[in-house]
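Visitor: Handing you this structure, nothing more for now.
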Amino acid sequence: MDLSFSFIKSISNIYDEMIGNGFSLVYLGEFNHEITRMFTTMTESNMERNSEERSVQRKVFHVMVETLQNMNKHSDELSKTSQTGSGLFIIGKKNDTYYVITSNKVAAEHREFLEETLIKVNNATKEELKEMYKKQMKEGVLTEKGGAGLGLIDIARKTEEKLNFQFIPFDDKYYFFILKVEVSTKKIYQDGK
């Protein structure tokens, strides 16, 4: 790789974009328990340095762990060295909102079910989410990858926010699935949670 002017300019532009959007951590690669633990430790240190309330820290950690577990279990792009999922993970804060963004490949045949699930979760009221969660706990069938479908429901319940998502075609077999979850510090402070 050459350190040409255009390459350095590209890196500088990426850096400026990341800082401008409040990114504090960006990772591209495989996801496993050790990576999740490392991210939570780094984020905890960062939040403590910024004197963030414990209630905010707990919600952000919960969202981080759930989204990382979802990527580890449900990514249709497995790492070449292990059977763990791989993808992109971003955490940041802009204004009074923390956000977690994940992106991973999803097989075309899994897209419709995932999209329907996300729409159903986003359209549910607080009470409906509670009932969906209870029903899934009681009757949920494990998927072939070991999930019970609780993660997205639980994230929506805890954050009380809509799950922002998009599917971008990659090729005829895969989509990039992008999920953005927001945690409003204002809302947590107002609710006293």
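Convention: chains lettered A, B, ... in structure tokens order; per-chain residue numbering from 1; ligands numbered from 1 as shown.
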Quick one: residues within 12 Å of Lys187 (chain A), only C-alpha atoms counted, chain neighbours fewer than 5 positions away excluded, as a PyMOL selection string?
Guide: chain A and resi 55-56+59+96-98+158-161+182+192-193
Visitor: In Å, how far is it from CA of Thr36 (chain A) to CA of Asn70 (chain A)?
Guide: 11.4 Å
Visitor: Excluding region 168-175 of chain A and any residue of its chain fewer than 3 positions from it, enumerate the residues within 12 Å of it, using only C-alpha atoms, and give them as a list in words.
Guide: Ser75, Asp76, Glu77, Ser103, Asn104, Lys105, Val106, Ala107, Ala108, Glu109, His110, Arg111, Glu112, Leu114, Glu115, Phe165, Ile178 and Leu179 of chain A
Visitor: Could you tell me which of A:Lys93, A:Met132, A:Met137, A:Leu118 comes closest to Met18 (chain A) if we count only C-alpha atoms?
Guide: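 The shortest atom-to-atom distance to Met18 (chain A) comes from A:Lys93.
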Visitor: Using only C-alpha atoms, find the one residue out of A:Asp191, A:Phe89, A:Leu3, A:Glu52 that sits nearest to Ile35 (chain A).
Guide: A:Phe89
Visitor: Between A:Leu129, A:Ile155, A:Val100, A:Val65, which residue has the minimum interatomic distance to Leu88 (chain A), considering only C-alpha atoms?
Guide: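 When distances to Leu88 (chain A) are compared using only C-alpha atoms, the smallest one comes from A:Val100.
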Visitor: Can you pull out the residues contacting Glu131 (chain A)? Cut-off 12 Å, using only C-alpha atoms, and skip same-chain residues under 6 positions away; I want them as a list in words.
Guide: Val121, Ala124, Thr125, Met137, Lys138, Glu139, Leu150, Ile153, Asp154 and Arg157 of chain A
Visitor: I need the residues of region 7-54 of chain A that end up classed as strand (DSSP E) by DSSP on the backbone, written out as a VMD selection string.
Guide: chain A and resid 23 to 30
Visitor: Check the DSSP output for the backbone and give back, as a PyMOL selection string, the residues of region 47-160 of chain A in helix (DSSP H, G or I).
Guide: chain A and resi 47-49+54-74+108-123+126-139+151-159
Visitor: Closest to Tyr27 (chain A) among A:Gln190, A:Thr102, A:Gln136, A:Asn164, using only C-alpha atoms?
Guide: A:Thr102
Visitor: Grab the CA of Tyr15 (chain A) to CA of Gln69 (chain A) distance for me, in Å with one decimal place.
Guide: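 About the pair CA of Tyr15 (chain A) and CA of Gln69 (chain A): they are 27.4 Å apart.
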Visitor: Measuring between only C-alpha atoms, which one of A:Asn46, A:Thr67, A:Thr117, A:Ala156 shows the shortest distance to Ile101 (chain A)?
Guide: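 Under the stated criterion, the closest residue is A:Thr67.
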Visitor: When distances are computed from only C-alpha atoms, which of A:Met64, A:Leu152, A:Val181, A:Lys186 shows the smallest separation from Thr43 (chain A)?
Guide: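 With only C-alpha atoms as the atom set, the closest residue is A:Met64.
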